[in-house]
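For reference, the structure discussed in these notes is given below.
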Amino acid sequence: VEIPSLSRVYQEFFNIGAAVNLRTIESQQNLLVKHFNSITAENDMKFIEIQPVQGQFTFEKADQLAAFAQKNGMKMRGHTLVWHNQTPDWVFQDVNGEQVDRETLLQRMKEHINAIMKRYKGTIFCWDVVNEAVTDEGPELYRATKWLDIIGEDYIEKAFEFAHQADPDALLFYNDYNESNPQKREKIYKLVKSLVDKGVPIHGVGLQAHWNLVNPSLEDIRAAIERYASLGLKLHLTELDVSVFNHEDKRTDLTEPTPEMLELQAERYYQVFHLLREYRDSITSVTFWGAADDYSWLSDFPVKARKNWPFLFDENHQPKDSFWKVVQF
Ligand code: G3I
């Protein structure tokens with residue numbers, strides 16, 4: 001049977017993206033070109049990769065990924081400008097190792113955002129401006145980070161303002177995980193609503209969508225989509241994968257997925273994409289955090305060196321039952 005192109009099947013609905021790195025744009029090249037019309041750099045546009053040392057910009061890897069997108073007529077999402085993780089220590093310190101003040105850190109944030117956004121203006125159509133700023137724990141809203149410590153709560157709106165000045169054409173997103181958990185959902189909603197109410201230039205909410213065979217429930221996913229869409233912003237699924245292990249499953253002995261896992265995964269993908277198609281007016285992009293089961297960050301998380309099989313394509317880049325469930329409707 002002929003294998004249809006995933007992104008072509010979905011062209012009336014939303015873009016289909018994949019997170020990539022320098023290895024996968026080689027090893028998965030044919031698969032990416034056939035099935036995906038958008039890419040995101042898995043790591044290579046993060047602060048620590050772009051400016052590991054103050055003033056030394058290292059764009060080589062990011063440039064290669066951007067060139068791959070251009071050459072193949074793909075869109076590119078930018079990931080990510082301001083995050084607590086993968087940000088070098090120097091950003092928050094002076095030459096003596098002392099913590100910098102608010103004005104200095106704001107200036108560094110602005111310079112970083114300017115440098116990277118201007119370089120990829122016209123290639124990158126949207127940016128995850130602030131990533132994972134909401135805490136999972138307790139009643140507090142904000143995650144504890146140096147950005148928050150030093151600048152204060154307005155670090156988030158400042159990042160969006162700097163981003164909008166750097167590239168007024170770029171769509172600006174707030175991106176987070178556990179986005180469908182009801183408590184976290186309400187916190188994310190509250191944060192984003194406060195930005196919208198203040199007139200901060202924000203255009204979308206990124207739902208990372210790191211899911212497994214049962215969690216979050218379809219009802220919770222639907223409720224999250226409805227809640228964020230009620231803000232009148234665009235929604236992107238930014239990092240979709242469906243782990244074959246549920247949270248409590250700590251097995252490490254599997255060298256291939258069980259038939260039961262693959263069956264449940266196919267049913268899960270069927271239901272998820274059925275739901276996503278319903279919200280085509282809000283959801284304009286669905287990006288997987290990888291492309292095929294030969295490479296996924298989940299094969300190292302949350303259990304080190306435990307293989308996972310989260311995607312629509314297997315380790316040989318062949319369509320799984322999950323793929324057929326997504327393209328046949
Ligand atoms: O770059 C170093 C390399 O120099 C070194 O030799 C190697 C040895 O461990 O480590 C390399 O860094 C690793 C980096 O990926 C690049 O491969 C880090 O250890 C590793 O922690 C890092 O993991 C990335 C993770 O973000 C970091 O938080 C994953 O690849 C990446 O998939 C993951 O992506 C995040 C999104 O950005 C945000 N949402 C969650 C998602 C999954 O965690």
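Residues are named by chain letter and number: chains run A, B, ... in the order of the structure tokens, numbers start at 1 in each chain, and ligands are numbered from 1 in the order shown.
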
Residues of segment 215-279 of chain A that have any atom at most 12 Å from an atom of segment 59-80 of chain A: could you tabulate them with the shortest-distance atom pair and the distance in Å to one decimal, using only C-alpha atoms, ordered by chain and increasing number, as a tab-separated table?
```
residue	atom	partner	partner_atom	distance
A:His236	CA	A:Arg77	CA	10.2
A:Leu237	CA	A:Arg77	CA	11.3
A:Thr238	CA	A:Arg77	CA	8.8
A:Glu239	CA	A:His79	CA	10.6
```

Written selection (C-alpha atoms) as a PDB file, in the first residue's frame:
```pdb
ATOM      1  CA  HIS A 236       0.183  24.885  19.136  1.00  0.00           C
ATOM      2  CA  LEU A 237       0.975  21.400  20.345  1.00  0.00           C
ATOM      3  CA  THR A 238       4.709  21.905  20.609  1.00  0.00           C
ATOM      4  CA  GLU A 239       6.327  18.688  21.899  1.00  0.00           C
TER       5      GLU A 239
END
```

Q.
List as a PyMOL selection string the protein and nucleic acid residues lying within 6 Å of ligand 1, with only C-alpha atoms and all ligand atoms counted.
A. chain A and resi 42-43+297

Q: List every residue of segment 104-327 of chain A that DSSP, applied to the backbone, labels as strand (DSSP E or B), and write the result as JSON, numbers by chain.
A: {"A": [121, 124, 125, 126, 127, 128, 129, 130, 131, 134, 142, 171, 172, 173, 174, 175, 176, 204, 205, 206, 207, 210, 211, 212, 234, 235, 236, 237, 238, 239, 240, 241, 242, 243, 283, 284, 285, 286, 287, 288, 292, 313, 319]}

Store the residues of this selection in a file with C-alpha atoms, as a PDB file, in the first residue's frame.
```pdb
ATOM      1  CA  LYS A 121      13.696  36.740  11.012  1.00  0.00           C
ATOM      2  CA  ILE A 124      11.315  31.327  12.085  1.00  0.00           C
ATOM      3  CA  PHE A 125       7.652  32.262  12.117  1.00  0.00           C
ATOM      4  CA  CYS A 126       6.998  31.825  15.813  1.00  0.00           C
ATOM      5  CA  TRP A 127       8.940  31.628  19.071  1.00  0.00           C
ATOM      6  CA  ASP A 128       8.471  29.960  22.430  1.00  0.00           C
ATOM      7  CA  VAL A 129       9.409  33.205  24.160  1.00  0.00           C
ATOM      8  CA  VAL A 130       9.049  32.002  27.730  1.00  0.00           C
ATOM      9  CA  ASN A 131       9.186  28.310  28.585  1.00  0.00           C
ATOM     10  CA  VAL A 134       4.705  28.149  36.036  1.00  0.00           C
ATOM     11  CA  TYR A 142       5.714  31.106  39.408  1.00  0.00           C
ATOM     12  CA  LEU A 171       4.148  34.953  16.579  1.00  0.00           C
ATOM     13  CA  LEU A 172       5.011  34.869  20.264  1.00  0.00           C
ATOM     14  CA  PHE A 173       4.090  31.882  22.448  1.00  0.00           C
ATOM     15  CA  TYR A 174       4.066  30.935  26.095  1.00  0.00           C
ATOM     16  CA  ASN A 175       4.976  27.210  26.284  1.00  0.00           C
ATOM     17  CA  ASP A 176       4.533  24.734  29.153  1.00  0.00           C
ATOM     18  CA  GLY A 204      -0.323  31.835  21.420  1.00  0.00           C
ATOM     19  CA  VAL A 205      -0.121  29.098  24.018  1.00  0.00           C
ATOM     20  CA  GLY A 206       2.131  26.104  23.440  1.00  0.00           C
ATOM     21  CA  LEU A 207       0.873  22.842  24.901  1.00  0.00           C
ATOM     22  CA  HIS A 210       4.272  14.992  26.743  1.00  0.00           C
ATOM     23  CA  TRP A 211       1.637  12.332  27.284  1.00  0.00           C
ATOM     24  CA  ASN A 212       1.421   8.576  27.831  1.00  0.00           C
ATOM     25  CA  LYS A 234      -3.619  30.463  18.788  1.00  0.00           C
ATOM     26  CA  LEU A 235      -2.764  27.036  20.167  1.00  0.00           C
ATOM     27  CA  HIS A 236       0.183  24.885  19.136  1.00  0.00           C
ATOM     28  CA  LEU A 237       0.975  21.400  20.345  1.00  0.00           C
ATOM     29  CA  THR A 238       4.709  21.905  20.609  1.00  0.00           C
ATOM     30  CA  GLU A 239       6.327  18.688  21.899  1.00  0.00           C
ATOM     31  CA  LEU A 240       3.888  15.827  21.405  1.00  0.00           C
ATOM     32  CA  ASP A 241       4.888  12.279  22.276  1.00  0.00           C
ATOM     33  CA  VAL A 242       3.000   9.305  23.705  1.00  0.00           C
ATOM     34  CA  SER A 243       5.218   7.302  26.042  1.00  0.00           C
ATOM     35  CA  ILE A 283      -4.920  24.637  16.771  1.00  0.00           C
ATOM     36  CA  THR A 284      -2.665  25.664  13.889  1.00  0.00           C
ATOM     37  CA  SER A 285       0.402  23.487  14.499  1.00  0.00           C
ATOM     38  CA  VAL A 286       1.110  20.047  15.968  1.00  0.00           C
ATOM     39  CA  THR A 287       4.788  19.277  16.552  1.00  0.00           C
ATOM     40  CA  PHE A 288       6.124  15.930  17.769  1.00  0.00           C
ATOM     41  CA  ALA A 292      10.564   8.126  14.721  1.00  0.00           C
ATOM     42  CA  PHE A 313       7.043   5.716  12.951  1.00  0.00           C
ATOM     43  CA  PRO A 319       4.561   3.576   9.813  1.00  0.00           C
TER      44      PRO A 319
END
```

Q: Within 10 Å of Asn316 of chain A, counting only C-alpha atoms, which residues show up once you throw out same-chain ones fewer than 5 positions away? Write them as a PyMOL selection string, please.
A: chain A and resi 28+292-294

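Atom pair atom CA of Gln165 of chain A / atom CA of Trp83 of chain A: separated by 19.2 Å.
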
Q: Identify, on the basis of only C-alpha atoms, every residue whose closest approach to Glu256 of chain A does not exceed 9 Å; exclude the query and any residue fewer than 4 positions from it along the same chain; express the result as a ChimeraX atom specification.
A: /A:307-309

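Comparing the minimum interatomic distances between Lys187 of chain A and each of A:Thr58, A:Asn215, A:Thr135, A:Ser230, counting only C-alpha atoms, we find that A:Thr135 sits nearest.
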
**Q.** Picked from segment 93-308 of chain A by DSSP as helix (DSSP H, G or I), as a PyMOL selection string
**A.** chain A and resi 102-119+146-151+155-166+182-197+218-229+259-278+297-300

Q: Rank nothing, just name the residue among A:Gln93, A:Thr123, A:Asn181, A:Ser282 nearest to Ile39 of chain A, using only C-alpha atoms.
A: A:Thr123

Q. So which residues touch Ser194 of chain A within 10 Å, counting only C-alpha atoms, skipping near sequence neighbours fewer than 6 positions away, as a list of chain:residue names?
A. A:Glu157, A:Ile188, A:Val200

Write the residues you've just listed into a file as an mmCIF file, in the first residue's frame, and include C-alpha atoms for each of them.
```cif
data_model
loop_
_atom_site.group_PDB
_atom_site.id
_atom_site.type_symbol
_atom_site.label_atom_id
_atom_site.label_comp_id
_atom_site.auth_asym_id
_atom_site.auth_seq_id
_atom_site.Cartn_x
_atom_site.Cartn_y
_atom_site.Cartn_z
ATOM 1 C CA GLU A 157 6.236 40.417 30.019
ATOM 2 C CA ILE A 188 -1.103 28.758 33.085
ATOM 3 C CA VAL A 200 1.542 42.259 26.363
#
```

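With atom CA of Ala166 of chain A on one side and atom CA of Lys118 of chain A on the other, the separation reads 6.1 Å.
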
**Q.** Neighbour list for Ala115 of chain A as a VMD selection string, cut-off 12 Å, only C-alpha atoms, skip fewer than 6 positions in-chain
**A.** chain A and resid 45 47 50 to 51 55 to 59 81 108 to 109 121 162 to 163 165 to 167
